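Listing of protein.cif, mmCIF, C-alpha atoms
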```
data_target
loop_
_atom_site.label_atom_id
_atom_site.label_comp_id
_atom_site.auth_asym_id
_atom_site.auth_seq_id
_atom_site.Cartn_x
_atom_site.Cartn_y
_atom_site.Cartn_z
CA MET A 1 -8.40 3.08 4.77
CA GLY A 2 -11.96 1.93 5.16
CA ALA A 3 -11.28 -1.04 2.94
CA PHE A 4 -11.57 -3.55 5.77
CA GLY A 5 -14.51 -5.69 4.69
CA ARG A 6 -16.36 -6.69 7.85
CA SER A 7 -16.16 -10.42 7.17
CA TYR A 8 -12.40 -10.15 6.64
CA VAL A 9 -11.56 -8.29 9.80
CA GLN A 10 -13.63 -10.64 11.93
CA ASP A 11 -11.82 -13.63 10.41
CA ARG A 12 -15.09 -15.19 9.22
CA SER A 13 -13.42 -17.14 6.47
CA SER A 14 -16.63 -19.01 5.66
CA GLN A 15 -18.37 -15.81 4.56
CA PRO A 16 -17.80 -13.97 1.28
CA PHE A 17 -15.40 -11.05 1.32
CA PRO A 18 -15.89 -7.81 -0.65
CA ARG A 19 -12.64 -8.58 -2.39
CA GLU A 20 -10.71 -8.57 -5.60
CA LEU A 21 -8.04 -11.02 -4.38
CA ILE A 22 -7.50 -12.87 -1.13
CA GLY A 23 -5.06 -15.31 0.43
CA ALA A 24 -3.82 -16.62 3.75
CA THR A 25 -1.13 -18.55 5.60
CA GLU A 26 -1.05 -19.44 9.28
CA ASN A 27 0.67 -16.18 10.15
CA LEU A 28 -0.73 -13.77 7.61
CA ARG A 29 -4.01 -12.97 5.89
CA LEU A 30 -4.01 -10.83 2.80
CA SER A 31 -6.77 -9.14 0.84
CA LEU A 32 -7.16 -6.45 -1.80
CA ILE A 33 -10.59 -5.00 -1.13
CA SER A 34 -12.66 -1.92 -1.87
CA ASP A 35 -15.37 0.02 -0.06
CA GLU A 36 -17.91 2.37 -1.61
CA PRO A 37 -18.33 5.97 -0.37
CA GLY A 38 -20.01 6.22 3.02
CA ILE A 39 -19.52 4.93 6.55
CA VAL A 40 -17.46 1.81 7.22
CA GLU A 41 -17.31 0.34 10.73
CA TYR A 42 -14.50 -1.96 11.86
CA PRO A 43 -15.11 -3.95 15.07
CA GLY A 44 -11.50 -4.97 15.67
CA SER A 45 -9.48 -8.14 15.18
CA ALA A 46 -7.15 -10.34 17.21
CA ARG A 47 -4.52 -9.66 14.53
CA VAL A 48 -2.43 -6.58 13.93
CA MET A 49 -3.98 -5.01 10.83
CA ILE A 50 -1.87 -3.18 8.23
CA SER A 51 -3.50 -1.32 5.36
CA LEU A 52 -1.82 0.22 2.32
CA HIS A 53 -3.96 2.55 0.25
CA VAL A 54 -4.04 1.64 -3.44
CA GLY A 55 -4.83 3.92 -6.35
CA PRO A 56 -6.57 7.31 -6.58
CA SER A 57 -6.55 9.76 -3.70
CA VAL A 58 -9.55 9.62 -1.32
CA ALA A 59 -10.63 12.06 1.40
CA VAL A 60 -11.15 10.17 4.67
CA ASP A 61 -12.38 10.98 8.18
CA CYS A 62 -11.31 8.27 10.63
CA ARG A 63 -12.04 7.77 14.34
CA ARG A 64 -10.13 5.08 16.19
CA GLY A 65 -8.74 4.56 19.69
CA GLY A 66 -10.04 7.88 20.96
CA GLU A 67 -8.30 9.74 18.13
CA ARG A 68 -9.70 11.42 15.04
CA HIS A 69 -7.79 11.92 11.81
CA ARG A 70 -8.99 13.77 8.72
CA GLY A 71 -6.94 13.77 5.56
CA THR A 72 -6.44 12.43 2.08
CA ASN A 73 -5.31 8.86 1.50
CA ILE A 74 -2.79 8.67 -1.32
CA HIS A 75 -1.24 5.60 -2.91
CA GLY A 76 1.09 3.93 -0.41
CA ASP A 77 -0.31 5.60 2.70
CA LEU A 78 -0.13 3.24 5.65
CA GLU A 79 -2.44 2.55 8.58
CA ILE A 80 -1.57 0.20 11.43
CA ILE A 81 -4.30 -0.94 13.81
CA PRO A 82 -3.39 -2.68 17.08
CA PRO A 83 -5.27 -5.86 18.05
CA HIS A 84 -8.87 -5.52 19.27
CA LEU A 85 -9.09 -1.83 18.36
CA GLY A 86 -12.17 -0.90 16.33
CA GLY A 87 -12.76 2.17 14.23
CA VAL A 88 -15.11 4.09 11.96
CA TRP A 89 -14.26 5.60 8.58
CA GLU A 90 -16.21 8.09 6.49
CA LEU A 91 -15.13 7.77 2.86
CA LYS A 92 -15.76 10.52 0.33
CA ALA A 93 -15.08 8.23 -2.65
CA ARG A 94 -14.44 4.58 -3.43
CA ASP A 95 -11.46 3.39 -1.42
CA THR A 96 -9.20 0.43 -2.21
CA ALA A 97 -6.56 -0.98 0.10
CA LEU A 98 -4.20 -3.89 0.44
CA VAL A 99 -5.12 -5.21 3.88
CA ILE A 100 -2.74 -7.47 5.82
CA GLY A 101 -3.69 -9.25 9.03
CA LEU A 102 -0.60 -10.35 10.96
CA LYS A 103 -0.70 -12.68 13.96
CA LEU A 104 0.51 -10.97 17.11
CA ARG A 105 2.66 -14.01 17.89
CA VAL A 106 4.82 -13.27 14.84
CA LEU A 107 5.64 -9.82 16.24
CA GLU A 108 6.28 -11.26 19.69
CA ARG A 109 8.79 -13.73 18.24
CA VAL A 110 10.60 -10.85 16.53
CA ALA A 111 10.74 -9.02 19.87
CA GLU A 112 12.13 -12.13 21.57
CA ASP A 113 14.75 -12.63 18.87
CA SER A 114 15.94 -9.05 19.32
CA GLY A 115 16.40 -9.57 23.08
CA SER A 116 13.30 -7.59 24.13
CA ASP A 117 10.54 -8.65 26.50
CA PRO A 118 7.50 -9.50 24.31
CA SER A 119 5.15 -8.74 27.23
CA ARG A 120 6.17 -5.07 26.82
CA LEU A 121 5.18 -5.01 23.17
CA ARG A 122 2.44 -2.52 22.31
CA ILE A 123 1.61 -1.72 18.69
CA TYR A 124 1.13 1.96 17.88
CA ASN A 125 -2.05 3.21 16.25
CA ARG A 126 -0.96 4.82 12.95
CA PHE A 127 -2.97 6.99 10.54
CA GLN A 128 -1.84 7.83 6.99
CA ALA A 129 1.83 7.19 7.75
CA ARG A 130 4.62 6.60 5.24
CA ASP A 131 7.08 3.73 5.60
CA PRO A 132 8.94 2.80 2.40
CA GLN A 133 10.07 -0.58 3.74
CA ILE A 134 6.56 -1.65 4.73
CA GLU A 135 5.30 -0.37 1.40
CA HIS A 136 7.84 -2.48 -0.51
CA ILE A 137 6.90 -5.58 1.51
CA GLY A 138 3.23 -4.88 0.86
CA TRP A 139 3.70 -4.63 -2.90
CA ALA A 140 5.78 -7.82 -2.84
CA LEU A 141 2.91 -9.56 -1.04
CA ARG A 142 0.46 -8.21 -3.58
CA ALA A 143 2.60 -9.41 -6.48
CA GLU A 144 2.83 -12.86 -4.92
CA MET A 145 -0.93 -12.95 -4.43
CA GLU A 146 -1.55 -11.94 -8.03
CA SER A 147 0.83 -14.64 -9.26
CA GLY A 148 -1.17 -17.32 -7.45
CA TYR A 149 1.42 -17.69 -4.67
CA ALA A 150 3.97 -19.15 -7.06
CA SER A 151 6.88 -18.78 -4.62
CA GLY A 152 5.27 -20.87 -1.90
CA ARG A 153 4.61 -20.68 1.82
CA ALA A 154 8.23 -20.12 2.91
CA TYR A 155 8.41 -16.95 0.84
CA MET A 156 5.15 -15.62 2.33
CA ASP A 157 6.30 -16.44 5.86
CA GLY A 158 9.57 -14.64 5.20
CA LEU A 159 7.71 -11.52 4.11
CA ALA A 160 5.47 -11.81 7.19
CA THR A 161 8.56 -11.90 9.43
CA GLY A 162 10.09 -8.93 7.63
CA LEU A 163 6.87 -6.97 8.04
CA ALA A 164 6.65 -7.87 11.73
CA SER A 165 10.26 -6.79 12.26
CA ARG A 166 9.64 -3.40 10.69
CA ILE A 167 6.53 -2.82 12.81
CA VAL A 168 8.27 -3.82 16.05
CA ARG A 169 11.31 -1.66 15.32
CA ASN A 170 9.47 1.42 14.09
CA HIS A 171 5.81 1.32 15.14
CA SER A 172 5.71 -0.16 18.64
CA SER A 173 6.65 0.47 22.25
CA LEU A 174 9.92 -1.33 21.49
CA ALA A 175 10.80 1.02 18.64
CA ARG A 176 14.34 2.26 18.44
CA PRO A 177 15.06 6.00 18.29
CA SER A 178 14.71 6.99 14.66
CA ARG A 179 17.45 8.67 12.70
CA ALA A 180 15.83 10.93 10.16
CA THR A 181 17.19 10.46 6.68
CA LYS A 182 19.47 13.37 6.01
CA ALA A 183 18.06 15.80 3.45
CA ALA A 184 14.95 13.65 2.84
CA MET A 185 11.77 15.40 1.74
CA PRO A 186 9.38 16.51 4.53
CA GLY A 187 6.47 14.09 4.89
CA ARG A 188 3.74 16.62 4.14
CA LYS A 189 5.45 17.83 0.98
CA LEU A 190 6.04 14.24 -0.15
CA LYS A 191 2.33 13.46 0.26
CA VAL A 192 1.41 16.47 -1.88
CA ILE A 193 3.77 15.31 -4.62
CA LEU A 194 2.63 11.68 -4.56
CA GLY A 195 -0.99 12.77 -4.59
CA TYR A 196 -0.35 15.03 -7.58
CA ILE A 197 1.36 12.19 -9.47
CA GLU A 198 -1.49 9.79 -8.66
CA ASP A 199 -4.16 12.21 -9.83
CA ASN A 200 -2.36 12.92 -13.11
CA LEU A 201 -1.08 9.49 -14.19
CA GLY A 202 -3.04 9.61 -17.42
CA ARG A 203 -1.37 12.64 -18.94
CA ASP A 204 2.12 13.72 -19.87
CA LEU A 205 3.95 14.64 -16.65
CA GLY A 206 7.40 16.16 -16.78
CA LEU A 207 9.85 16.39 -13.91
CA GLU A 208 9.82 20.17 -14.15
CA GLU A 209 6.06 20.25 -13.54
CA ILE A 210 6.23 17.87 -10.56
CA ALA A 211 9.21 19.73 -9.09
CA GLY A 212 7.21 22.94 -9.45
CA VAL A 213 4.44 21.48 -7.29
CA ALA A 214 7.08 20.89 -4.62
CA GLY A 215 8.55 24.36 -5.10
CA LEU A 216 11.95 22.86 -5.90
CA SER A 217 14.43 22.90 -8.72
CA VAL A 218 14.45 19.73 -10.84
CA SER A 219 17.86 18.61 -9.59
CA HIS A 220 16.98 19.20 -5.94
CA PHE A 221 13.62 17.51 -6.37
CA LYS A 222 15.17 14.41 -7.99
CA SER A 223 17.68 14.10 -5.16
CA LEU A 224 15.14 14.47 -2.34
CA PHE A 225 12.59 12.18 -4.01
CA ARG A 226 15.10 9.39 -4.38
CA LYS A 227 16.30 9.75 -0.79
CA SER A 228 12.70 9.65 0.41
CA LEU A 229 11.39 6.69 -1.62
CA GLY A 230 14.50 4.88 -2.76
CA VAL A 231 13.70 5.22 -6.48
CA PRO A 232 14.02 8.05 -9.02
CA PRO A 233 10.78 9.99 -9.71
CA HIS A 234 10.61 8.85 -13.35
CA GLN A 235 10.86 5.19 -12.31
CA TYR A 236 8.15 5.69 -9.67
CA LEU A 237 5.87 7.33 -12.23
CA ILE A 238 6.30 4.51 -14.75
CA ARG A 239 5.65 1.84 -12.13
CA ARG A 240 2.45 3.52 -10.98
CA ARG A 241 1.23 3.79 -14.57
CA VAL A 242 2.01 0.12 -15.16
CA GLU A 243 0.27 -0.94 -11.93
CA ARG A 244 -2.87 1.03 -12.74
CA ALA A 245 -2.94 -0.29 -16.30
CA ALA A 246 -2.47 -3.84 -14.97
CA THR A 247 -5.47 -3.42 -12.67
CA GLN A 248 -7.62 -2.26 -15.59
CA LEU A 249 -6.41 -5.11 -17.78
CA ARG A 250 -7.33 -7.70 -15.15
CA LYS A 251 -10.75 -6.21 -14.46
CA GLY A 252 -12.35 -5.57 -17.82
CA ARG A 253 -12.41 -5.82 -21.58
CA THR A 254 -11.43 -2.25 -22.45
CA PRO A 255 -9.16 -2.37 -25.52
CA ILE A 256 -5.50 -2.54 -24.58
CA GLY A 257 -4.64 0.43 -26.78
CA GLN A 258 -7.19 2.58 -24.94
CA ILE A 259 -5.84 1.50 -21.55
CA ALA A 260 -2.34 2.43 -22.73
CA LEU A 261 -3.47 5.96 -23.65
CA GLU A 262 -5.48 6.39 -20.43
CA ASN A 263 -2.36 5.67 -18.40
CA GLY A 264 0.08 7.99 -20.11
CA PHE A 265 1.64 5.57 -22.63
CA CYS A 266 2.06 6.55 -26.28
CA HIS A 267 0.55 3.35 -27.67
CA GLN A 268 -0.04 -0.34 -26.95
CA SER A 269 3.54 -1.35 -27.72
CA HIS A 270 4.84 1.31 -25.33
CA LEU A 271 2.66 -0.14 -22.57
CA ALA A 272 3.80 -3.69 -23.41
CA LEU A 273 7.45 -2.66 -23.18
CA HIS A 274 6.98 -1.42 -19.62
CA THR A 275 4.67 -4.19 -18.37
CA ARG A 276 7.27 -6.74 -19.45
CA ARG A 277 10.05 -4.76 -17.75
CA VAL A 278 8.17 -4.05 -14.51
CA LEU A 279 5.90 -7.09 -14.14
CA GLY A 280 7.44 -9.65 -16.48
CA LEU A 281 4.15 -10.05 -18.38
CA THR A 282 2.62 -8.64 -21.55
CA PRO A 283 -0.71 -6.77 -21.43
CA GLN A 284 -2.42 -9.76 -23.04
CA GLU A 285 -0.97 -12.11 -20.40
CA LEU A 286 -2.16 -9.77 -17.65
CA ARG A 287 -5.63 -9.84 -19.14
CA GLU A 288 -5.69 -13.62 -19.49
CA ASN A 289 -4.35 -14.14 -15.95
CA GLY A 290 -6.89 -11.76 -14.48
#
```

Have the structure of the file written as structure tokens, please.
Amino acid sequence: MGAFGRSYVQDRSSQPFPRELIGATENLRLSLISDEPGIVEYPGSARVMISLHVGPSVAVDCRRGGERHRGTNIHGDLEIIPPHLGGVWELKARDTALVIGLKLRVLERVAEDSGSDPSRLRIYNRFQARDPQIEHIGWALRAEMESGYASGRAYMDGLATGLASRIVRNHSSLARPSRATKAAMPGRKLKVILGYIEDNLGRDLGLEEIAGVAGLSVSHFKSLFRKSLGVPPHQYLIRRRVERAATQLRKGRTPIGQIALENGFCHQSHLALHTRRVLGLTPQELRENG
């Protein structure tokens, strides 16, 4: 999670950010940024900070709010940092994250609208959590950012409100008692599976192999995976391959056919079929829009 560039978290908008993409509205600031291996210090922000890990797995040692957490960040892992709480991360490899800064007032309005006292609102300090709803909102924000904010301010503010609602209801002192999803996959096992998928996107991965990592039959694995993430495992795998290929297409001039093969697609046309289906763009359009 170390991918909080110092200038970003301190809201110094006049200074350059270590970023790939960046954007802001009154309520929300958004950045896709990377940090190199080493120590990253975060001094704190007036905003509630939400970070979604993007891409390859990274071993991380984090100290924040009197707590220490060691583990491996995998794609979609979530960190939530309350306002004015600093931290230190030790990264074992390059780390990339989608970082969202949300004004506390947005969360307080959500609390008011739900009939709660906003003065009682305290945001929980979360390390490497999983929250499918926050993850979906995060990827929607990223897609909007990459499209040049084509849907406009109202759409961004709506996503900000949805994100605030999820945090208040599930990651704050006003959280409602959770009802565990019946027969969903245990969190630790799910992390192992997602990490295995992420680290093997470039080769042929069958459901039987992935289910074997989980120690489950294929049918049981498919059922638990879908209940846990809301999508079938094959669809999740394709989307992650498309997203990684899209990042490579936007960043460099590697031949499209080579990128297709590196991300588990049979050939360039196979990649194009899925980028159009998932992202609505061809590989060439992704490259030109990068």

Among the residues A:Val54, A:Leu271, A:Val278, A:Ala175, the one that comes closest to Ala97 in chain A [using all atoms listed in the file]: A:Val54

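Here the PyMOL selection byres ((chain A and resi 204-206) around 12) catches exactly these residues: Tyr196, Ile197, Glu198, Asp199, Asn200, Leu201, Gly202, Arg203, Leu207, Glu208, Glu209, Ile210, Ala211, Gly212, Val213, Val218, Lys222, Pro233, His234, Leu237, Ile238, Arg241, Leu261, Glu262, Asn263, Gly264, Phe265 and Cys266 of chain A.
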
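The spacing separating CA of Gly138 in chain A from CA of Asn125 in chain A amounts to 18.2 Å.
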
Contact check, range 16-107 of chain A to range 151-154 of chain A, at most 12 Å, counting all atoms listed in the file, closest pairs as a Markdown table:
```
| residue | atom | partner | partner_atom | distance |
| --- | --- | --- | --- | --- |
| A:Gly23 | CA | A:Arg153 | CA | 11.1 |
| A:Ala24 | CA | A:Arg153 | CA | 9.6 |
| A:Thr25 | CA | A:Arg153 | CA | 7.2 |
| A:Glu26 | CA | A:Arg153 | CA | 9.4 |
| A:Asn27 | CA | A:Arg153 | CA | 10.3 |
| A:Leu28 | CA | A:Arg153 | CA | 10.5 |
```

Output file for the selection above: C-alpha atoms, as an mmCIF file, in the coordinates of the input:
```
data_model
loop_
_atom_site.group_PDB
_atom_site.id
_atom_site.type_symbol
_atom_site.label_atom_id
_atom_site.label_comp_id
_atom_site.auth_asym_id
_atom_site.auth_seq_id
_atom_site.Cartn_x
_atom_site.Cartn_y
_atom_site.Cartn_z
ATOM 1 C CA GLY A 23 -5.060 -15.310 0.430
ATOM 2 C CA ALA A 24 -3.820 -16.620 3.750
ATOM 3 C CA THR A 25 -1.130 -18.550 5.600
ATOM 4 C CA GLU A 26 -1.050 -19.440 9.280
ATOM 5 C CA ASN A 27 0.670 -16.180 10.150
ATOM 6 C CA LEU A 28 -0.730 -13.770 7.610
#
```

Atom pair CA of His274 in chain A / CA of Ser217 in chain A: separation (Å): 27.7 Å

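Considering the residues A:Ala260, A:Val168, A:Leu249, A:Met185 and counting all atoms listed in the file, Glu285 in chain A has its shortest atom-to-atom contact with A:Leu249.
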
Expected selection from the PyMOL selection byres ((chain A and resi 224) around 12), given as a list of chain:residue names: A:Thr181, A:Lys182, A:Ala183, A:Ala184, A:Met185, A:Pro186, A:Gly187, A:Lys189, A:Leu190, A:Ile193, A:Ala211, A:Ala214, A:Leu216, A:Ser217, A:Val218, A:Ser219, A:His220, A:Phe221, A:Lys222, A:Ser223, A:Phe225, A:Arg226, A:Lys227, A:Ser228, A:Leu229, A:Gly230, A:Val231, A:Pro232, A:Pro233

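The residues returned by the PyMOL selection byres ((chain A and resi 120) around 10) for this structure are Glu108, Ala111, Ser116, Asp117, Pro118, Ser119, Leu121, Arg122, Ile123, Ser172, Ser173 and Leu174 of chain A.
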
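Computed from the coordinates, the CA of Pro132 in chain A to CA of Ser57 in chain A distance equals 18.0 Å.
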
Nearest-residue call for His53 in chain A, choices A:Gly86, A:Gly257, A:Gly195, A:Gly162, using only C-alpha atoms: A:Gly195

Ref. answer, residues at most 7 Å from (-3.0, -3.7, 9.5) with all atoms listed in the file, as a PyMOL selection string: chain A and resi 48-51+79-81+99-101

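With all atoms listed in the file as the atoms that count, the residue of A:Ile137, A:Leu194, A:Leu78, A:Met145 with the shortest distance to Thr161 in chain A is A:Ile137.
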
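Distances from A:Asp95, A:Val110, A:Pro283, A:Tyr124 to Gln258 in chain A were compared using all atoms listed in the file, and the smallest one belongs to A:Pro283.
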
Residue neighbourhood Gln248 in chain A, 10 Å, all atoms listed in the file, exclusion window fewer than 3 positions, as a PyMOL selection string: chain A and resi 242-245+251-254+256+259+263+286-287+290

Could I get range 45-78 of chain A from the block written as a PDB file, in the first residue's frame, with N, CA and C atoms?
```pdb
ATOM      1  N   SER A  45      -3.351  12.792   6.351  1.00  0.00           N
ATOM      2  CA  SER A  45      -4.125  13.710   5.528  1.00  0.00           C
ATOM      3  C   SER A  45      -5.427  14.035   6.236  1.00  0.00           C
ATOM      4  N   ALA A  46      -6.013  15.179   5.923  1.00  0.00           N
ATOM      5  CA  ALA A  46      -7.318  15.526   6.468  1.00  0.00           C
ATOM      6  C   ALA A  46      -8.415  14.645   5.890  1.00  0.00           C
ATOM      7  N   ARG A  47      -8.142  13.997   4.770  1.00  0.00           N
ATOM      8  CA  ARG A  47      -9.119  13.132   4.114  1.00  0.00           C
ATOM      9  C   ARG A  47      -9.038  11.703   4.641  1.00  0.00           C
ATOM     10  N   VAL A  48     -10.103  10.955   4.426  1.00  0.00           N
ATOM     11  CA  VAL A  48     -10.060   9.510   4.596  1.00  0.00           C
ATOM     12  C   VAL A  48      -9.398   8.949   3.343  1.00  0.00           C
ATOM     13  N   MET A  49      -8.359   8.151   3.511  1.00  0.00           N
ATOM     14  CA  MET A  49      -7.608   7.628   2.378  1.00  0.00           C
ATOM     15  C   MET A  49      -7.945   6.149   2.170  1.00  0.00           C
ATOM     16  N   ILE A  50      -8.255   5.809   0.939  1.00  0.00           N
ATOM     17  CA  ILE A  50      -8.593   4.436   0.551  1.00  0.00           C
ATOM     18  C   ILE A  50      -7.621   4.025  -0.534  1.00  0.00           C
ATOM     19  N   SER A  51      -6.993   2.874  -0.358  1.00  0.00           N
ATOM     20  CA  SER A  51      -6.023   2.391  -1.335  1.00  0.00           C
ATOM     21  C   SER A  51      -6.382   0.982  -1.783  1.00  0.00           C
ATOM     22  N   LEU A  52      -6.406   0.779  -3.093  1.00  0.00           N
ATOM     23  CA  LEU A  52      -6.616  -0.550  -3.670  1.00  0.00           C
ATOM     24  C   LEU A  52      -5.344  -0.963  -4.388  1.00  0.00           C
ATOM     25  N   HIS A  53      -4.782  -2.084  -3.972  1.00  0.00           N
ATOM     26  CA  HIS A  53      -3.561  -2.563  -4.613  1.00  0.00           C
ATOM     27  C   HIS A  53      -3.863  -3.006  -6.040  1.00  0.00           C
ATOM     28  N   VAL A  54      -2.963  -2.668  -6.941  1.00  0.00           N
ATOM     29  CA  VAL A  54      -3.128  -2.969  -8.365  1.00  0.00           C
ATOM     30  C   VAL A  54      -1.949  -3.816  -8.839  1.00  0.00           C
ATOM     31  N   GLY A  55      -2.246  -4.933  -9.490  1.00  0.00           N
ATOM     32  CA  GLY A  55      -1.201  -5.675 -10.178  1.00  0.00           C
ATOM     33  C   GLY A  55      -0.528  -6.755  -9.358  1.00  0.00           C
ATOM     34  N   PRO A  56       0.769  -7.010  -9.646  1.00  0.00           N
ATOM     35  CA  PRO A  56       1.485  -8.138  -9.038  1.00  0.00           C
ATOM     36  C   PRO A  56       1.522  -8.081  -7.515  1.00  0.00           C
ATOM     37  N   SER A  57       1.639  -9.242  -6.906  1.00  0.00           N
ATOM     38  CA  SER A  57       1.708  -9.336  -5.451  1.00  0.00           C
ATOM     39  C   SER A  57       3.008  -8.720  -4.926  1.00  0.00           C
ATOM     40  N   VAL A  58       2.924  -8.080  -3.756  1.00  0.00           N
ATOM     41  CA  VAL A  58       4.070  -7.394  -3.151  1.00  0.00           C
ATOM     42  C   VAL A  58       4.073  -7.655  -1.650  1.00  0.00           C
ATOM     43  N   ALA A  59       5.214  -8.098  -1.115  1.00  0.00           N
ATOM     44  CA  ALA A  59       5.358  -8.262   0.329  1.00  0.00           C
ATOM     45  C   ALA A  59       5.525  -6.891   0.975  1.00  0.00           C
ATOM     46  N   VAL A  60       4.761  -6.645   2.056  1.00  0.00           N
ATOM     47  CA  VAL A  60       4.718  -5.331   2.689  1.00  0.00           C
ATOM     48  C   VAL A  60       4.773  -5.485   4.206  1.00  0.00           C
ATOM     49  N   ASP A  61       5.503  -4.571   4.845  1.00  0.00           N
ATOM     50  CA  ASP A  61       5.520  -4.448   6.298  1.00  0.00           C
ATOM     51  C   ASP A  61       5.036  -3.039   6.616  1.00  0.00           C
ATOM     52  N   CYS A  62       3.889  -2.913   7.289  1.00  0.00           N
ATOM     53  CA  CYS A  62       3.276  -1.607   7.508  1.00  0.00           C
ATOM     54  C   CYS A  62       3.086  -1.346   9.003  1.00  0.00           C
ATOM     55  N   ARG A  63       3.402  -0.121   9.423  1.00  0.00           N
ATOM     56  CA  ARG A  63       3.186   0.320  10.802  1.00  0.00           C
ATOM     57  C   ARG A  63       2.342   1.588  10.761  1.00  0.00           C
ATOM     58  N   ARG A  64       1.199   1.536  11.458  1.00  0.00           N
ATOM     59  CA  ARG A  64       0.269   2.652  11.412  1.00  0.00           C
ATOM     60  C   ARG A  64      -0.678   2.595  12.610  1.00  0.00           C
ATOM     61  N   GLY A  65      -0.848   3.731  13.289  1.00  0.00           N
ATOM     62  CA  GLY A  65      -1.791   3.806  14.392  1.00  0.00           C
ATOM     63  C   GLY A  65      -1.478   2.864  15.532  1.00  0.00           C
ATOM     64  N   GLY A  66      -0.185   2.649  15.794  1.00  0.00           N
ATOM     65  CA  GLY A  66       0.209   1.757  16.873  1.00  0.00           C
ATOM     66  C   GLY A  66       0.078   0.287  16.540  1.00  0.00           C
ATOM     67  N   GLU A  67      -0.250  -0.027  15.297  1.00  0.00           N
ATOM     68  CA  GLU A  67      -0.380  -1.420  14.858  1.00  0.00           C
ATOM     69  C   GLU A  67       0.676  -1.734  13.808  1.00  0.00           C
ATOM     70  N   ARG A  68       1.021  -2.998  13.705  1.00  0.00           N
ATOM     71  CA  ARG A  68       1.965  -3.453  12.684  1.00  0.00           C
ATOM     72  C   ARG A  68       1.351  -4.617  11.936  1.00  0.00           C
ATOM     73  N   HIS A  69       1.460  -4.564  10.614  1.00  0.00           N
ATOM     74  CA  HIS A  69       0.870  -5.617   9.787  1.00  0.00           C
ATOM     75  C   HIS A  69       1.880  -6.035   8.730  1.00  0.00           C
ATOM     76  N   ARG A  70       2.203  -7.313   8.704  1.00  0.00           N
ATOM     77  CA  ARG A  70       3.074  -7.876   7.673  1.00  0.00           C
ATOM     78  C   ARG A  70       2.257  -8.826   6.825  1.00  0.00           C
ATOM     79  N   GLY A  71       2.432  -8.740   5.527  1.00  0.00           N
ATOM     80  CA  GLY A  71       1.687  -9.625   4.640  1.00  0.00           C
ATOM     81  C   GLY A  71       1.995  -9.335   3.189  1.00  0.00           C
ATOM     82  N   THR A  72       1.239  -9.948   2.327  1.00  0.00           N
ATOM     83  CA  THR A  72       1.414  -9.782   0.892  1.00  0.00           C
ATOM     84  C   THR A  72       0.216  -9.086   0.306  1.00  0.00           C
ATOM     85  N   ASN A  73       0.442  -7.930  -0.308  1.00  0.00           N
ATOM     86  CA  ASN A  73      -0.617  -7.232  -1.034  1.00  0.00           C
ATOM     87  C   ASN A  73      -0.905  -7.965  -2.327  1.00  0.00           C
ATOM     88  N   ILE A  74      -2.164  -8.288  -2.568  1.00  0.00           N
ATOM     89  CA  ILE A  74      -2.554  -8.860  -3.849  1.00  0.00           C
ATOM     90  C   ILE A  74      -3.557  -7.922  -4.504  1.00  0.00           C
ATOM     91  N   HIS A  75      -3.775  -8.106  -5.781  1.00  0.00           N
ATOM     92  CA  HIS A  75      -4.656  -7.224  -6.539  1.00  0.00           C
ATOM     93  C   HIS A  75      -6.030  -7.147  -5.874  1.00  0.00           C
ATOM     94  N   GLY A  76      -6.480  -5.921  -5.588  1.00  0.00           N
ATOM     95  CA  GLY A  76      -7.777  -5.719  -4.963  1.00  0.00           C
ATOM     96  C   GLY A  76      -7.736  -5.595  -3.456  1.00  0.00           C
ATOM     97  N   ASP A  77      -6.581  -5.858  -2.824  1.00  0.00           N
ATOM     98  CA  ASP A  77      -6.485  -5.666  -1.382  1.00  0.00           C
ATOM     99  C   ASP A  77      -6.726  -4.202  -1.032  1.00  0.00           C
ATOM    100  N   LEU A  78      -7.392  -3.992   0.069  1.00  0.00           N
ATOM    101  CA  LEU A  78      -7.864  -2.665   0.459  1.00  0.00           C
ATOM    102  C   LEU A  78      -7.203  -2.216   1.748  1.00  0.00           C
TER     103      LEU A  78
END
```
